[in-house]
file coords_20.txt (compact mmCIF, C-alpha atoms)
# COMPACT_ATOMS: atom_id res chain seq x y z
CA MET A 1 22.58 -65.40 27.24
CA ARG A 2 21.72 -64.73 30.87
CA ILE A 3 19.49 -61.72 31.45
CA GLY A 4 18.27 -59.93 34.55
CA VAL A 5 15.20 -57.71 34.68
CA ILE A 6 15.45 -54.59 36.86
CA GLY A 7 12.01 -53.25 37.78
CA LEU A 8 9.10 -55.68 38.17
CA GLY A 9 6.15 -53.37 37.62
CA ASN A 10 3.73 -53.62 34.71
CA MET A 11 6.34 -53.67 31.96
CA GLY A 12 9.06 -55.68 33.70
CA SER A 13 6.68 -58.44 34.75
CA SER A 14 5.14 -58.46 31.26
CA HIS A 15 8.55 -58.96 29.65
CA ILE A 16 9.25 -61.89 31.95
CA ARG A 17 5.85 -63.49 31.48
CA ASP A 18 5.14 -62.91 27.81
CA PHE A 19 8.38 -62.44 25.90
CA ILE A 20 11.63 -63.65 27.47
CA PRO A 21 10.51 -67.32 27.56
CA LYS A 22 9.80 -67.17 23.82
CA VAL A 23 13.32 -66.06 22.81
CA PRO A 24 15.72 -68.93 21.99
CA ARG A 25 19.06 -68.89 23.84
CA LEU A 26 17.81 -66.31 26.36
CA GLN A 27 17.53 -67.29 30.02
CA LEU A 28 16.18 -65.23 32.90
CA THR A 29 18.66 -65.64 35.77
CA ALA A 30 17.99 -62.64 38.04
CA VAL A 31 15.33 -60.11 38.97
CA CYS A 32 15.50 -56.87 40.94
CA ASP A 33 12.88 -54.76 42.66
CA ALA A 34 12.64 -52.83 45.93
CA ASP A 35 9.32 -54.57 46.63
CA ALA A 36 10.03 -57.97 48.18
CA SER A 37 6.55 -59.22 47.33
CA ARG A 38 7.34 -58.85 43.65
CA LEU A 39 10.61 -60.76 44.00
CA ALA A 40 8.69 -63.63 45.59
CA ASN A 41 6.93 -64.23 42.28
CA TYR A 42 10.20 -65.53 40.78
CA PRO A 43 11.52 -68.21 43.16
CA ASP A 44 13.69 -69.93 40.53
CA VAL A 45 16.03 -66.99 39.82
CA ALA A 46 18.39 -64.87 41.89
CA PRO A 47 16.53 -62.03 43.69
CA PHE A 48 18.00 -58.59 44.32
CA SER A 49 16.54 -55.51 46.01
CA ASP A 50 19.33 -53.22 44.78
CA PRO A 51 20.24 -52.78 41.08
CA ALA A 52 23.92 -52.35 41.90
CA ALA A 53 23.96 -55.74 43.63
CA LEU A 54 22.48 -57.46 40.59
CA ILE A 55 24.84 -55.65 38.22
CA GLY A 56 27.87 -56.73 40.24
CA SER A 57 26.68 -60.25 40.99
CA GLY A 58 28.08 -62.07 37.97
CA ALA A 59 24.68 -63.71 37.53
CA VAL A 60 23.84 -61.97 34.24
CA ASP A 61 25.35 -61.04 30.90
CA ALA A 62 22.69 -58.42 30.17
CA VAL A 63 19.96 -56.42 31.88
CA LEU A 64 16.57 -55.16 30.82
CA ILE A 65 15.79 -51.91 32.67
CA ALA A 66 12.07 -51.38 33.31
CA THR A 67 12.21 -49.05 36.29
CA PRO A 68 10.45 -45.67 36.61
CA HIS A 69 11.96 -43.23 34.13
CA TYR A 70 14.46 -41.30 36.22
CA ALA A 71 16.25 -44.48 37.27
CA HIS A 72 16.99 -45.43 33.65
CA THR A 73 20.00 -43.13 33.58
CA GLU A 74 21.91 -44.17 36.69
CA VAL A 75 21.04 -47.86 36.49
CA GLY A 76 21.95 -47.84 32.81
CA ILE A 77 25.27 -46.10 33.44
CA ASP A 78 26.15 -48.59 36.18
CA ALA A 79 25.30 -51.57 33.97
CA LEU A 80 27.14 -50.24 30.92
CA SER A 81 30.17 -49.29 33.02
CA ALA A 82 30.24 -52.87 34.35
CA GLY A 83 30.45 -54.18 30.80
CA LEU A 84 26.94 -55.59 30.63
CA HIS A 85 24.69 -55.47 27.59
CA VAL A 86 21.69 -53.22 28.22
CA LEU A 87 18.14 -53.02 26.90
CA VAL A 88 16.32 -50.01 28.35
CA GLU A 89 12.63 -49.21 28.27
CA LYS A 90 11.47 -45.94 26.73
CA PRO A 91 12.27 -43.15 27.27
CA ILE A 92 15.96 -43.93 27.65
CA SER A 93 16.18 -40.97 30.07
CA VAL A 94 13.88 -38.16 31.18
CA HIS A 95 15.86 -35.30 29.65
CA LYS A 96 18.50 -34.73 27.00
CA ALA A 97 21.41 -34.08 29.35
CA ASP A 98 20.83 -37.43 31.07
CA CYS A 99 20.52 -39.13 27.68
CA GLU A 100 23.94 -37.80 26.77
CA ARG A 101 25.44 -39.08 30.04
CA LEU A 102 23.87 -42.50 29.53
CA ILE A 103 24.97 -42.82 25.91
CA ALA A 104 28.52 -41.75 26.83
CA ALA A 105 28.76 -44.73 29.23
CA HIS A 106 28.32 -47.25 26.39
CA GLN A 107 31.49 -49.27 25.97
CA PRO A 108 32.76 -50.88 22.75
CA GLY A 109 31.94 -54.55 22.55
CA THR A 110 28.63 -54.28 24.38
CA VAL A 111 25.13 -53.98 22.94
CA PHE A 112 22.92 -51.07 24.04
CA ALA A 113 19.35 -51.06 22.76
CA ALA A 114 16.05 -49.31 23.48
CA MET A 115 12.54 -50.74 23.65
CA PHE A 116 11.12 -48.95 20.62
CA ASN A 117 8.92 -51.89 19.70
CA GLN A 118 6.81 -50.01 17.16
CA ARG A 119 9.79 -50.00 14.80
CA THR A 120 8.81 -53.61 14.09
CA ASP A 121 5.37 -52.57 12.78
CA PRO A 122 5.24 -53.35 9.02
CA HIS A 123 3.19 -50.19 8.37
CA TYR A 124 6.01 -47.93 9.51
CA LEU A 125 8.67 -50.16 7.95
CA ALA A 126 6.89 -49.89 4.59
CA LEU A 127 6.46 -46.13 4.95
CA ARG A 128 10.13 -45.71 5.79
CA ARG A 129 11.14 -47.68 2.69
CA MET A 130 8.86 -45.49 0.58
CA ILE A 131 10.38 -42.29 1.99
CA GLN A 132 13.99 -43.44 1.73
CA GLY A 133 13.41 -44.85 -1.75
CA GLY A 134 12.14 -41.51 -3.04
CA GLU A 135 8.60 -42.74 -3.77
CA LEU A 136 7.04 -39.70 -2.09
CA GLY A 137 9.33 -37.04 -3.49
CA ALA A 138 9.82 -33.94 -1.36
CA ILE A 139 7.69 -33.97 1.79
CA LYS A 140 5.69 -30.78 2.21
CA ARG A 141 3.63 -31.32 5.34
CA ILE A 142 3.26 -33.97 8.06
CA ASN A 143 0.20 -34.19 10.30
CA TRP A 144 0.12 -36.84 13.03
CA THR A 145 -2.85 -36.98 15.37
CA ILE A 146 -2.27 -39.71 17.94
CA THR A 147 -4.99 -39.38 20.59
CA ASN A 148 -5.87 -43.04 21.15
CA TRP A 149 -3.67 -43.17 24.24
CA PHE A 150 -6.72 -42.84 26.53
CA ARG A 151 -5.93 -43.34 30.22
CA SER A 152 -8.27 -43.23 33.22
CA ALA A 153 -7.92 -41.65 36.64
CA ALA A 154 -7.32 -45.16 38.01
CA TYR A 155 -4.32 -45.54 35.71
CA TYR A 156 -2.69 -42.39 37.03
CA SER A 157 -3.30 -43.39 40.65
CA SER A 158 -1.86 -46.89 40.14
CA GLY A 159 1.64 -45.76 41.03
CA GLY A 160 2.84 -42.84 43.14
CA TRP A 161 5.53 -41.98 40.60
CA ARG A 162 3.08 -41.59 37.74
CA ALA A 163 2.12 -38.19 36.33
CA THR A 164 4.46 -36.21 38.58
CA TRP A 165 7.42 -34.05 37.61
CA ALA A 166 9.47 -35.65 40.37
CA GLY A 167 8.52 -39.24 39.58
CA GLU A 168 7.97 -39.38 35.83
CA GLY A 169 9.33 -36.14 34.46
CA GLY A 170 6.31 -35.53 32.27
CA GLY A 171 3.04 -37.02 31.09
CA VAL A 172 1.89 -38.25 27.70
CA LEU A 173 5.10 -37.06 26.02
CA MET A 174 7.27 -39.09 28.40
CA ASN A 175 5.11 -42.18 28.87
CA GLN A 176 2.91 -42.98 25.88
CA ALA A 177 4.02 -40.79 22.97
CA PRO A 178 7.75 -41.63 23.09
CA HIS A 179 6.85 -44.45 20.69
CA ASN A 180 5.34 -41.99 18.23
CA LEU A 181 8.08 -39.41 18.68
CA ASP A 182 10.65 -42.09 17.98
CA LEU A 183 8.80 -43.19 14.84
CA TYR A 184 8.40 -39.55 13.81
CA GLN A 185 12.14 -38.80 13.87
CA TRP A 186 12.97 -42.27 12.45
CA LEU A 187 10.74 -41.54 9.45
CA PHE A 188 11.22 -37.81 8.89
CA GLY A 189 14.35 -36.74 10.76
CA MET A 190 14.61 -33.98 13.34
CA PRO A 191 13.01 -30.56 12.80
CA SER A 192 14.90 -27.33 13.30
CA ARG A 193 12.34 -25.62 15.57
CA VAL A 194 9.33 -26.45 17.70
CA ARG A 195 6.44 -24.40 19.09
CA ALA A 196 4.17 -26.43 21.32
CA PHE A 197 1.10 -25.91 23.48
CA CYS A 198 0.88 -28.40 26.33
CA ARG A 199 -2.09 -28.48 28.66
CA PHE A 200 -1.23 -29.75 32.11
CA GLY A 201 -3.89 -31.76 33.93
CA GLN A 202 -6.49 -30.89 31.29
CA TYR A 203 -8.42 -34.15 31.62
CA HIS A 204 -7.02 -35.70 34.82
CA ASP A 205 -6.08 -34.59 38.31
CA ILE A 206 -2.37 -34.57 37.47
CA GLU A 207 0.33 -31.91 37.22
CA VAL A 208 1.95 -32.99 33.94
CA GLU A 209 0.80 -32.73 30.32
CA ASP A 210 -2.09 -34.89 29.13
CA ASP A 211 -2.84 -32.91 25.95
CA VAL A 212 -0.33 -31.55 23.42
CA THR A 213 -0.49 -29.69 20.12
CA ALA A 214 2.90 -28.98 18.54
CA TYR A 215 4.02 -27.23 15.36
CA LEU A 216 7.38 -28.23 13.87
CA GLU A 217 9.45 -26.67 11.09
CA TYR A 218 12.36 -27.92 8.99
CA GLU A 219 15.07 -25.88 7.33
CA ASN A 220 13.93 -27.13 3.91
CA GLY A 221 10.44 -25.69 4.42
CA THR A 222 8.63 -28.86 5.51
CA THR A 223 6.15 -28.23 8.32
CA ALA A 224 4.41 -30.63 10.68
CA THR A 225 1.87 -30.87 13.46
CA PHE A 226 1.98 -33.44 16.22
CA ILE A 227 -1.10 -33.82 18.42
CA THR A 228 -1.42 -36.28 21.29
CA SER A 229 -3.62 -36.77 24.35
CA THR A 230 -4.63 -39.29 27.02
CA GLY A 231 -8.02 -37.65 27.53
CA GLU A 232 -9.92 -38.53 24.34
CA PHE A 233 -11.95 -41.62 23.52
CA PRO A 234 -12.05 -43.40 21.13
CA GLY A 235 -9.28 -41.14 19.87
CA THR A 236 -7.48 -41.11 16.54
CA ASN A 237 -4.23 -42.45 15.15
CA ARG A 238 -3.86 -40.82 11.73
CA LEU A 239 -0.58 -39.97 10.05
CA GLU A 240 -0.99 -37.90 6.89
CA ILE A 241 1.86 -36.83 4.62
CA ALA A 242 1.50 -34.31 1.82
CA CYS A 243 4.32 -34.80 -0.65
CA ASP A 244 5.37 -33.93 -4.18
CA ARG A 245 3.88 -37.17 -5.49
CA GLY A 246 0.51 -36.88 -3.73
CA ARG A 247 -0.67 -37.90 -0.27
CA VAL A 248 -0.05 -40.82 2.06
CA VAL A 249 -2.37 -41.71 4.94
CA VAL A 250 -1.64 -44.32 7.60
CA GLU A 251 -4.79 -45.06 9.60
CA GLN A 252 -6.73 -48.02 10.99
CA GLY A 253 -4.24 -50.60 9.81
CA ASN A 254 -4.07 -49.29 6.23
CA ILE A 255 -1.60 -47.30 4.16
CA THR A 256 -3.21 -45.39 1.29
CA PHE A 257 -1.05 -43.58 -1.26
CA GLU A 258 -2.96 -41.26 -3.59
CA ARG A 259 -0.14 -40.97 -6.08
CA THR A 260 0.00 -38.29 -8.75
CA THR A 261 1.16 -39.28 -12.21
CA GLU A 262 3.88 -36.63 -12.09
CA SER A 263 5.51 -34.19 -9.73
CA VAL A 264 2.99 -31.79 -8.24
CA GLN A 265 5.51 -28.96 -8.33
CA ALA A 266 6.49 -29.63 -11.95
CA PHE A 267 2.83 -29.81 -12.97
CA SER A 268 2.05 -26.56 -11.13
CA ASP A 269 4.93 -24.77 -12.85
CA ALA A 270 4.04 -26.03 -16.34
CA THR A 271 0.24 -26.08 -16.59
CA PRO A 272 -1.47 -23.18 -18.39
CA SER A 273 -4.65 -23.74 -16.36
CA SER A 274 -5.47 -21.57 -13.35
CA PHE A 275 -7.64 -24.27 -11.73
CA PRO A 276 -6.06 -27.52 -12.84
CA SER A 277 -6.69 -31.08 -11.73
CA MET A 278 -4.25 -33.97 -11.81
CA GLU A 279 -4.81 -37.65 -12.36
CA THR A 280 -4.07 -39.74 -9.26
CA TRP A 281 -3.75 -43.45 -8.63
CA LYS A 282 -5.17 -44.69 -5.33
CA CYS A 283 -2.72 -47.31 -4.13
CA GLU A 284 -3.31 -49.54 -1.11
CA VAL A 285 0.08 -50.55 0.24
CA PRO A 286 -0.14 -54.25 1.19
CA VAL A 287 0.74 -54.66 4.88
CA ARG A 288 -0.65 -57.07 7.43
CA GLY A 289 -0.44 -57.22 11.19
CA TYR A 290 1.62 -55.12 13.56
CA GLY A 291 4.90 -57.00 13.74
CA ASP A 292 6.63 -58.72 16.63
CA GLN A 293 6.63 -55.61 18.83
CA HIS A 294 8.28 -56.22 22.27
CA LEU A 295 9.13 -59.83 21.43
CA GLY A 296 10.86 -58.68 18.26
CA ILE A 297 13.01 -56.15 20.11
CA ILE A 298 14.06 -58.65 22.80
CA ARG A 299 14.85 -61.30 20.16
CA ASN A 300 16.83 -58.76 18.13
CA PHE A 301 18.74 -57.67 21.26
CA THR A 302 19.67 -61.30 21.95
CA GLU A 303 20.73 -61.94 18.37
CA ALA A 304 22.76 -58.72 18.28
CA ILE A 305 24.76 -59.99 21.26
CA LEU A 306 25.13 -63.63 20.20
CA ASP A 307 25.24 -63.28 16.41
CA GLY A 308 26.21 -59.67 15.72
CA VAL A 309 23.01 -58.78 13.82
CA PRO A 310 22.24 -55.04 13.51
CA LEU A 311 19.99 -53.53 16.17
CA ILE A 312 16.47 -52.45 15.27
CA ALA A 313 16.58 -49.70 17.89
CA PRO A 314 20.05 -48.58 19.04
CA ALA A 315 19.66 -46.78 22.35
CA ALA A 316 21.69 -43.80 21.12
CA GLU A 317 18.81 -42.98 18.78
CA GLY A 318 16.56 -42.67 21.82
CA LEU A 319 18.03 -39.22 22.46
CA HIS A 320 15.99 -37.77 19.58
CA SER A 321 12.53 -38.61 20.93
CA VAL A 322 13.54 -37.29 24.35
CA GLU A 323 14.80 -34.06 22.80
CA LEU A 324 11.50 -33.63 20.95
CA ALA A 325 9.48 -34.19 24.13
CA ASN A 326 11.73 -31.84 26.09
CA ALA A 327 11.44 -29.17 23.40
CA MET A 328 7.64 -29.36 23.44
CA ILE A 329 7.43 -29.00 27.22
CA LEU A 330 10.07 -26.24 27.26
CA SER A 331 8.27 -24.36 24.48
CA SER A 332 4.99 -24.54 26.35
CA VAL A 333 6.37 -23.59 29.76
CA GLN A 334 8.36 -20.65 28.38
CA GLN A 335 5.79 -19.77 25.70
CA ARG A 336 8.32 -19.54 22.89
CA THR A 337 9.72 -21.33 19.87
CA VAL A 338 12.60 -23.69 20.71
CA GLU A 339 15.45 -24.08 18.22
CA LEU A 340 16.88 -27.57 17.76
CA PRO A 341 19.25 -28.93 18.76
CA PHE A 342 19.25 -27.19 22.14
CA ASP A 343 21.53 -27.35 25.16
CA GLY A 344 20.34 -30.17 27.37
CA ALA A 345 21.34 -28.23 30.48
CA GLU A 346 18.71 -25.62 29.66
CA TYR A 347 15.88 -28.12 29.84
CA ALA A 348 17.39 -29.81 32.89
CA ASP A 349 17.18 -26.44 34.67
CA CYS A 350 13.57 -26.02 33.54
CA LEU A 351 12.67 -29.49 34.79
CA ARG A 352 14.34 -28.89 38.15
CA GLY A 353 12.14 -25.83 38.53
CA LEU A 354 9.03 -27.87 37.74
CA VAL A 355 10.04 -30.51 40.26
CA ALA A 356 10.77 -27.89 42.92
CA SER A 357 7.40 -26.21 42.42
CA SER A 358 5.50 -29.52 42.40
CA THR A 359 2.80 -30.05 45.01
CA ARG A 360 2.99 -33.81 44.45
CA ARG A 361 5.73 -36.27 45.14
CA SER A 362 6.43 -39.74 43.81
call {"tool": "encode", "arguments": {"input": "coords_20.txt", "output": "structure tokens"}}
result
Amino acid sequence: MRIGVIGLGNMGSSHIRDFIPKVPRLQLTAVCDADASRLANYPDVAPFSDPAALIGSGAVDAVLIATPHYAHTEVGIDALSAGLHVLVEKPISVHKADCERLIAAHQPGTVFAAMFNQRTDPHYLALRRMIQGGELGAIKRINWTITNWFRSAAYYSSGGWRATWAGEGGGVLMNQAPHNLDLYQWLFGMPSRVRAFCRFGQYHDIEVEDDVTAYLEYENGTTATFITSTGEFPGTNRLEIACDRGRVVVEQGNITFERTTESVQAFSDATPSSFPSMETWKCEVPVRGYGDQHLGIIRNFTEAILDGVPLIAPAAEGLHSVELANAMILSSVQQRTVELPFDGAEYADCLRGLVASSTRRS
């Protein structure tokens, strides 16, 4: 399979250097970037300065889109409309309405995937099997604190598009936490309402959010908190789930399940004691390593095209993490609870206002 990479910044160049050469039957045949100096790094493949020229060149069967976020939508639509297979970096688009336009361009017979590489992590794969297999029982509460996304001032100044409403469309929710938001909805499904508190430029001289605390509710009574930041060090990555069969904690490479010997609710209803205690079994779920990550997604994309294997991360599912991020920003800006699903046009209007009022430009 012949693939072209569109966007040769940090991620695009990393894919070319570290992953594409390791995938059998995958050949890099074209690259595209507006910066000619970046194209010069790849003298053995066809160079393009315009995505449309690469897409229409006949030099590729598929493209990997690693441009700044806003370009994902139009470049993706052009590539899908041309009948190419597409692998797009996260987020698949900046806002829900653009996600819907992009997904609608997907044609039958082509493969459309998203770079949600953390779906290959055996910790989250094991947790998902436990949830879907009923091991946890009813989930009562989810708490995910993911603040080990520390970024410096130098990081935010490394590209003019970064950390601006016009260039990136958001901060930690649109750049780092899409991985966690995708895992969140992949594990637990979508909530019915969100109330979030985003702090904009709390730790950096930027206009977008670098600190977020969100409260989520489900129709069945499950509640959740989602906390993320790029301003804390060393930070925390702790996912805790309170469920009817005890408590699960995913932290520091371990999954611990403190499992009750019976249903907590059934025990509570039946015990005559006012201050009871239950026996629990402390189970360490055996997982090792963090999976194939980006390499695994690119290999899976290739095998989906050539062999018809199921995708790990269908791009259509990327809408959910974008909707969660949009809901959190909208909730914070308008200081209200946002009901899900919401009309994508509403957030698009909100974002246009943020871009128009911006004092920075990409």
call {"tool": "closest_residue", "arguments": {"input": "coords_20.txt", "among": "A:Asn10, A:Thr110, A:Asn180, A:Thr225", "to": "Leu306 (chain A)", "atoms": "only C-alpha atoms"}}
result
A:Thr110
call {"tool": "residues_around", "arguments": {"input": "coords_20.txt", "residues": "Leu239 (chain A)", "least_positions_apart": "4", "cutoff": "7 Å", "atoms": "all atoms listed in the file", "output": "PyMOL selection string"}}
result
chain A and resi 143-145+249-251
call {"tool": "atom_distance", "arguments": {"input": "coords_20.txt", "atom1": "CA of Ala345 (chain A)", "atom2": "CA of Glu209 (chain A)"}}
result
21.0 Å
call {"tool": "atom_distance", "arguments": {"input": "coords_20.txt", "atom1": "CA of Met130 (chain A)", "atom2": "CA of Ala315 (chain A)"}}
result
24.3 Å
call {"tool": "residues_near_point", "arguments": {"input": "coords_20.txt", "point": "(5.8, -41.3, 18.0)", "cutoff": "12 Å", "atoms": "all atoms listed in the file", "output": "PyMOL selection string"}}
result
chain A and resi 90-91+116-119+124+143-147+149+172-188+226-228+237-239+318+320-322+324-325
call {"tool": "residues_near_point", "arguments": {"input": "coords_20.txt", "point": "(7.5, -43.2, 36.1)", "cutoff": "12 Å", "atoms": "all atoms listed in the file", "output": "PyMOL selection string"}}
result
chain A and resi 7+9-11+66-72+89-94+156-172+174-176+208+361-362
call {"tool": "residues_around", "arguments": {"input": "coords_20.txt", "residues": "Glu135 (chain A)", "least_positions_apart": "5", "cutoff": "12 Å", "atoms": "only C-alpha atoms", "output": "PDB file with C-alpha atoms, in the coordinates of the input"}}
result
ATOM      1  CA  ALA A 126       6.890 -49.890   4.590  1.00  0.00           C
ATOM      2  CA  LEU A 127       6.460 -46.130   4.950  1.00  0.00           C
ATOM      3  CA  ARG A 128      10.130 -45.710   5.790  1.00  0.00           C
ATOM      4  CA  ARG A 129      11.140 -47.680   2.690  1.00  0.00           C
ATOM      5  CA  MET A 130       8.860 -45.490   0.580  1.00  0.00           C
ATOM      6  CA  CYS A 243       4.320 -34.800  -0.650  1.00  0.00           C
ATOM      7  CA  ASP A 244       5.370 -33.930  -4.180  1.00  0.00           C
ATOM      8  CA  ARG A 245       3.880 -37.170  -5.490  1.00  0.00           C
ATOM      9  CA  GLY A 246       0.510 -36.880  -3.730  1.00  0.00           C
ATOM     10  CA  ARG A 247      -0.670 -37.900  -0.270  1.00  0.00           C
ATOM     11  CA  VAL A 248      -0.050 -40.820   2.060  1.00  0.00           C
ATOM     12  CA  PHE A 257      -1.050 -43.580  -1.260  1.00  0.00           C
ATOM     13  CA  GLU A 258      -2.960 -41.260  -3.590  1.00  0.00           C
ATOM     14  CA  ARG A 259      -0.140 -40.970  -6.080  1.00  0.00           C
ATOM     15  CA  THR A 260       0.000 -38.290  -8.750  1.00  0.00           C
ATOM     16  CA  THR A 261       1.160 -39.280 -12.210  1.00  0.00           C
ATOM     17  CA  GLU A 262       3.880 -36.630 -12.090  1.00  0.00           C
ATOM     18  CA  SER A 263       5.510 -34.190  -9.730  1.00  0.00           C
TER      19      SER A 263
END
call {"tool": "closest_residue", "arguments": {"input": "coords_20.txt", "among": "A:Leu330, A:Val264, A:Ala34, A:Ala79", "to": "Thr280 (chain A)", "atoms": "only C-alpha atoms"}}
result
A:Val264
call {"tool": "closest_residue", "arguments": {"input": "coords_20.txt", "among": "A:Glu100, A:Asp18, A:Asp269, A:Glu339", "to": "Val194 (chain A)", "atoms": "all atoms listed in the file"}}
result
A:Glu339
call {"tool": "axis_aligned_box", "arguments": {"input": "coords_20.txt", "around": "region 102-106 of chain A", "padding_each_side": "5 Å", "output": "JSON"}}
result
{"center_x": 26.3, "center_y": -44.5, "center_z": 27.7, "size_x": 14.9, "size_y": 15.5, "size_z": 13.6}
call {"tool": "closest_residue", "arguments": {"input": "coords_20.txt", "among": "A:Glu317, A:Gly235, A:Arg299, A:Asn326", "to": "Asp349 (chain A)", "atoms": "only C-alpha atoms"}}
result
A:Asn326
call {"tool": "residues_around", "arguments": {"input": "coords_20.txt", "residues": "Val5 (chain A)", "least_positions_apart": "6", "cutoff": "6 Å", "atoms": "only C-alpha atoms", "output": "VMD selection string"}}
result
chain A and resid 31 63 to 64
call {"tool": "write_last_selection", "arguments": {"input": "coords_20.txt", "atoms": "C-alpha atoms", "output": "compact mmCIF listing (two decimals), keeping the file's coordinate frame"}}
result
# COMPACT_ATOMS: atom_id res chain seq x y z
CA VAL A 31 15.33 -60.11 38.97
CA VAL A 63 19.96 -56.42 31.88
CA LEU A 64 16.57 -55.16 30.82
call {"tool": "atom_distance", "arguments": {"input": "coords_20.txt", "atom1": "CA of Thr222 (chain A)", "atom2": "CA of Ile142 (chain A)"}}
result
7.8 Å
call {"tool": "closest_residue", "arguments": {"input": "coords_20.txt", "among": "A:Val309, A:Ile65, A:Leu80, A:Ile55", "to": "Ala104 (chain A)", "atoms": "only C-alpha atoms"}}
result
A:Leu80
call {"tool": "closest_residue", "arguments": {"input": "coords_20.txt", "among": "A:Gly353, A:Pro122, A:Pro43, A:Gly231", "to": "Arg288 (chain A)", "atoms": "all atoms listed in the file"}}
result
A:Pro122
call {"tool": "residues_around", "arguments": {"input": "coords_20.txt", "residues": "region 327-329 of chain A", "least_positions_apart": "6", "cutoff": "10 Å", "atoms": "only C-alpha atoms", "output": "MDAnalysis selection string"}}
result
chainID A and resid 95:96 170:171 173 193:200 208:209 212:216 321 335:342 344 347 350:351
call {"tool": "decode", "arguments": {"input": "coords_20.txt", "residues": "region 242-255 of chain A", "atoms": "N, CA and C atoms", "output": "PDB file, in the first residue's frame"}}
result
ATOM      1  N   ALA A 242     -15.840   3.313  41.036  1.00  0.00           N
ATOM      2  CA  ALA A 242     -16.634   2.700  42.104  1.00  0.00           C
ATOM      3  C   ALA A 242     -17.788   1.957  41.441  1.00  0.00           C
ATOM      4  N   CYS A 243     -17.921   0.686  41.779  1.00  0.00           N
ATOM      5  CA  CYS A 243     -18.918  -0.134  41.101  1.00  0.00           C
ATOM      6  C   CYS A 243     -19.623  -1.048  42.108  1.00  0.00           C
ATOM      7  N   ASP A 244     -20.593  -1.789  41.630  1.00  0.00           N
ATOM      8  CA  ASP A 244     -21.383  -2.624  42.538  1.00  0.00           C
ATOM      9  C   ASP A 244     -20.601  -3.836  43.050  1.00  0.00           C
ATOM     10  N   ARG A 245     -19.450  -4.120  42.437  1.00  0.00           N
ATOM     11  CA  ARG A 245     -18.627  -5.209  42.932  1.00  0.00           C
ATOM     12  C   ARG A 245     -17.306  -4.709  43.505  1.00  0.00           C
ATOM     13  N   GLY A 246     -17.279  -3.425  43.958  1.00  0.00           N
ATOM     14  CA  GLY A 246     -16.088  -2.927  44.634  1.00  0.00           C
ATOM     15  C   GLY A 246     -15.491  -1.696  43.999  1.00  0.00           C
ATOM     16  N   ARG A 247     -14.163  -1.727  43.789  1.00  0.00           N
ATOM     17  CA  ARG A 247     -13.465  -0.552  43.265  1.00  0.00           C
ATOM     18  C   ARG A 247     -12.306  -0.998  42.376  1.00  0.00           C
ATOM     19  N   VAL A 248     -12.172  -0.314  41.251  1.00  0.00           N
ATOM     20  CA  VAL A 248     -11.051  -0.552  40.338  1.00  0.00           C
ATOM     21  C   VAL A 248     -10.216   0.718  40.256  1.00  0.00           C
ATOM     22  N   VAL A 249      -8.900   0.563  40.333  1.00  0.00           N
ATOM     23  CA  VAL A 249      -7.987   1.696  40.177  1.00  0.00           C
ATOM     24  C   VAL A 249      -6.953   1.342  39.113  1.00  0.00           C
ATOM     25  N   VAL A 250      -6.804   2.232  38.139  1.00  0.00           N
ATOM     26  CA  VAL A 250      -5.753   2.106  37.129  1.00  0.00           C
ATOM     27  C   VAL A 250      -4.770   3.244  37.375  1.00  0.00           C
ATOM     28  N   GLU A 251      -3.549   2.899  37.757  1.00  0.00           N
ATOM     29  CA  GLU A 251      -2.557   3.922  38.098  1.00  0.00           C
ATOM     30  C   GLU A 251      -1.162   3.317  38.069  1.00  0.00           C
ATOM     31  N   GLN A 252      -0.213   4.087  37.542  1.00  0.00           N
ATOM     32  CA  GLN A 252       1.199   3.724  37.540  1.00  0.00           C
ATOM     33  C   GLN A 252       1.444   2.321  36.993  1.00  0.00           C
ATOM     34  N   GLY A 253       0.774   2.023  35.891  1.00  0.00           N
ATOM     35  CA  GLY A 253       1.003   0.753  35.223  1.00  0.00           C
ATOM     36  C   GLY A 253       0.331  -0.448  35.857  1.00  0.00           C
ATOM     37  N   ASN A 254      -0.540  -0.228  36.825  1.00  0.00           N
ATOM     38  CA  ASN A 254      -1.214  -1.330  37.514  1.00  0.00           C
ATOM     39  C   ASN A 254      -2.730  -1.171  37.452  1.00  0.00           C
ATOM     40  N   ILE A 255      -3.409  -2.314  37.458  1.00  0.00           N
ATOM     41  CA  ILE A 255      -4.866  -2.334  37.626  1.00  0.00           C
ATOM     42  C   ILE A 255      -5.162  -3.122  38.892  1.00  0.00           C
TER      43      ILE A 255
END
